[in-house]
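K.L.:
I'd like to ask you about the structure that follows.
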Amino acid sequence: FFFLMIRRPPRSTQSRSSAASDVYKRQVLDVREPWEINEVDLPAKNKVNQPVPKVNIPIKTFLGMDKPEIDTQLPQNKRILCLCAAGVRSAKAQAHLLKNGYNALNIELGIYEFIKAV
């Protein structure tokens, strides 16, 4: 499953079993540009026909958002999976979310590996 591809924050004490059990309590934040999303987008459903909840906010826009703005776009009660093409921009998004009190993880291998996993 895709939780194996995710970089956890250094302070995390989460076990693999708890990561597997809350797989449906996650939200994908795709920080790629619109033209990138037009070329390759996430599937609407994963391999077991579950919906893949996602929000697309380009990284430049996202990094300029403060907590109240982020709260209007992302649920505070879900783990946010940050995604881009290769993991660099999503690492910046993860840091921004952690700074604002969110539970966020970076998908280091990017969109193509994530699609294979879901």
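Ligands are numbered from 1 in the order shown, residues from 1 within each chain, and chains are lettered A, B, ... in the order they appear in the structure tokens.
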Can you tell me which residues surround A:Gln76 at a distance of at most 10 Å, considering only C-alpha atoms, apart from same-chain residues fewer than 6 positions away, and format the answer as a ChimeraX atom specification?
P.N.:
/A:27,70,101-103
K.L.:
Which residue, A:Lys45, A:Arg32, A:Lys67, A:Lys116, has the smallest gap to A:Asn100 when you use only C-alpha atoms?
P.N.:
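Using only C-alpha atoms, the shortest distance to A:Asn100 belongs to A:Lys67.
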K.L.:
Need to verify the contact set: A:Ala104, 9 Å, only C-alpha atoms, exclusion of same-chain residues closer than 4 positions in sequence. Can you return it as a list in words?
P.N.:
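The neighbour list is Arg8, Pro9, Lys78, Arg79, Ile80, Leu81, Cys82, Ala93, Gln94, Ala95, Leu97 and Leu98 of chain A.
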K.L.:
Hey, what's within 8 Å of A:Lys54 if we count only C-alpha atoms and toss same-chain stuff fewer than 6 positions away? As a VMD selection string, please?
P.N.:
chain A and resid 27 to 30
K.L.:
Write out the residues from the selection above, keeping N, CA and C atoms, as a short mmCIF file (atom, residue, chain, number, x, y, z; two decimals), in the first residue's frame.
P.N.:
data_model
loop_
_atom_site.label_atom_id
_atom_site.label_comp_id
_atom_site.auth_asym_id
_atom_site.auth_seq_id
_atom_site.Cartn_x
_atom_site.Cartn_y
_atom_site.Cartn_z
N GLN A 27 -6.38 12.72 3.16
CA GLN A 27 -6.71 13.66 2.09
C GLN A 27 -5.44 13.93 1.30
N VAL A 28 -5.51 13.86 -0.01
CA VAL A 28 -4.35 14.15 -0.85
C VAL A 28 -4.35 15.64 -1.18
N LEU A 29 -3.20 16.28 -0.98
CA LEU A 29 -2.98 17.65 -1.42
C LEU A 29 -1.99 17.59 -2.57
N ASP A 30 -2.45 17.86 -3.77
CA ASP A 30 -1.62 17.85 -4.97
C ASP A 30 -1.17 19.29 -5.24
#
K.L.:
Using only C-alpha atoms, determine which residues lie at most 12 Å from A:Pro58, disregarding the query and same-chain residues fewer than 4 positions distant; provide the list as a list of chain:residue names.
P.N.:
A:Leu29, A:Asp30, A:Val31, A:Arg32, A:Glu33, A:Pro34, A:Trp35, A:Glu36, A:Ile37, A:Phe62, A:Leu63, A:Gly64, A:Met65, A:Cys82, A:Leu83, A:Cys84, A:Ala85, A:Arg89, A:Ser90, A:Lys92, A:Ala93
K.L.:
Keeping only C-alpha atoms, write the selected residues to a file as a short mmCIF file (atom, residue, chain, number, x, y, z; two decimals), in the first residue's frame.
P.N.:
data_model
loop_
_atom_site.label_atom_id
_atom_site.label_comp_id
_atom_site.auth_asym_id
_atom_site.auth_seq_id
_atom_site.Cartn_x
_atom_site.Cartn_y
_atom_site.Cartn_z
CA LEU A 29 -2.98 17.65 -1.42
CA ASP A 30 -1.62 17.85 -4.97
CA VAL A 31 0.65 20.92 -5.26
CA ARG A 32 1.45 20.55 -8.96
CA GLU A 33 0.62 23.21 -11.53
CA PRO A 34 -2.66 22.89 -13.51
CA TRP A 35 -0.85 21.93 -16.72
CA GLU A 36 0.86 19.05 -14.87
CA ILE A 37 -2.47 17.82 -13.55
CA PHE A 62 -0.30 27.16 -1.17
CA LEU A 63 2.85 28.57 0.44
CA GLY A 64 1.21 32.01 0.47
CA MET A 65 -1.81 30.75 2.41
CA CYS A 82 1.35 15.99 0.08
CA LEU A 83 2.00 15.09 -3.55
CA CYS A 84 3.85 16.58 -6.52
CA ALA A 85 5.80 15.18 -9.48
CA ARG A 89 7.46 20.71 -3.78
CA SER A 90 5.38 18.36 -1.65
CA LYS A 92 7.71 22.21 1.18
CA ALA A 93 3.93 21.79 1.43
#
K.L.:
Write down as a count of residues only the residues belonging to stretch 7-99 of chain A that are assigned strand (DSSP E) by DSSP computed on the backbone.
P.N.:
14
K.L.:
Any idea what the distance is between atom CA of A:Glu113 and atom CA of A:Ala86?
P.N.:
9.2 Å
K.L.:
Hey, which of A:Leu74, A:Ile57, A:Val88, A:Leu42 ends up closest to A:Phe114? Count only C-alpha atoms.
P.N.:
A:Leu42
K.L.:
Rank A:Val48, A:Ala91, A:Ile59, A:Leu105 by their smallest atom-to-atom distance to A:Ala117, using only C-alpha atoms, and report the top residue only.
P.N.:
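Answer, going by the shortest atom-to-atom distance: A:Val48.
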K.L.:
What does the distance from atom CA of A:Pro53 to atom CA of A:Glu69 come to in Å, to one decimal?
P.N.:
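Computed distance, atom CA of A:Pro53 to atom CA of A:Glu69, equals 18.8 Å.
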K.L.:
Would you please work out which residue, of A:Asn106, A:Asn38, A:Asn77, A:Gln50, is nearest to A:Lys25 when using only C-alpha atoms?
P.N.:
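Under the stated criterion, the closest residue is A:Asn77.
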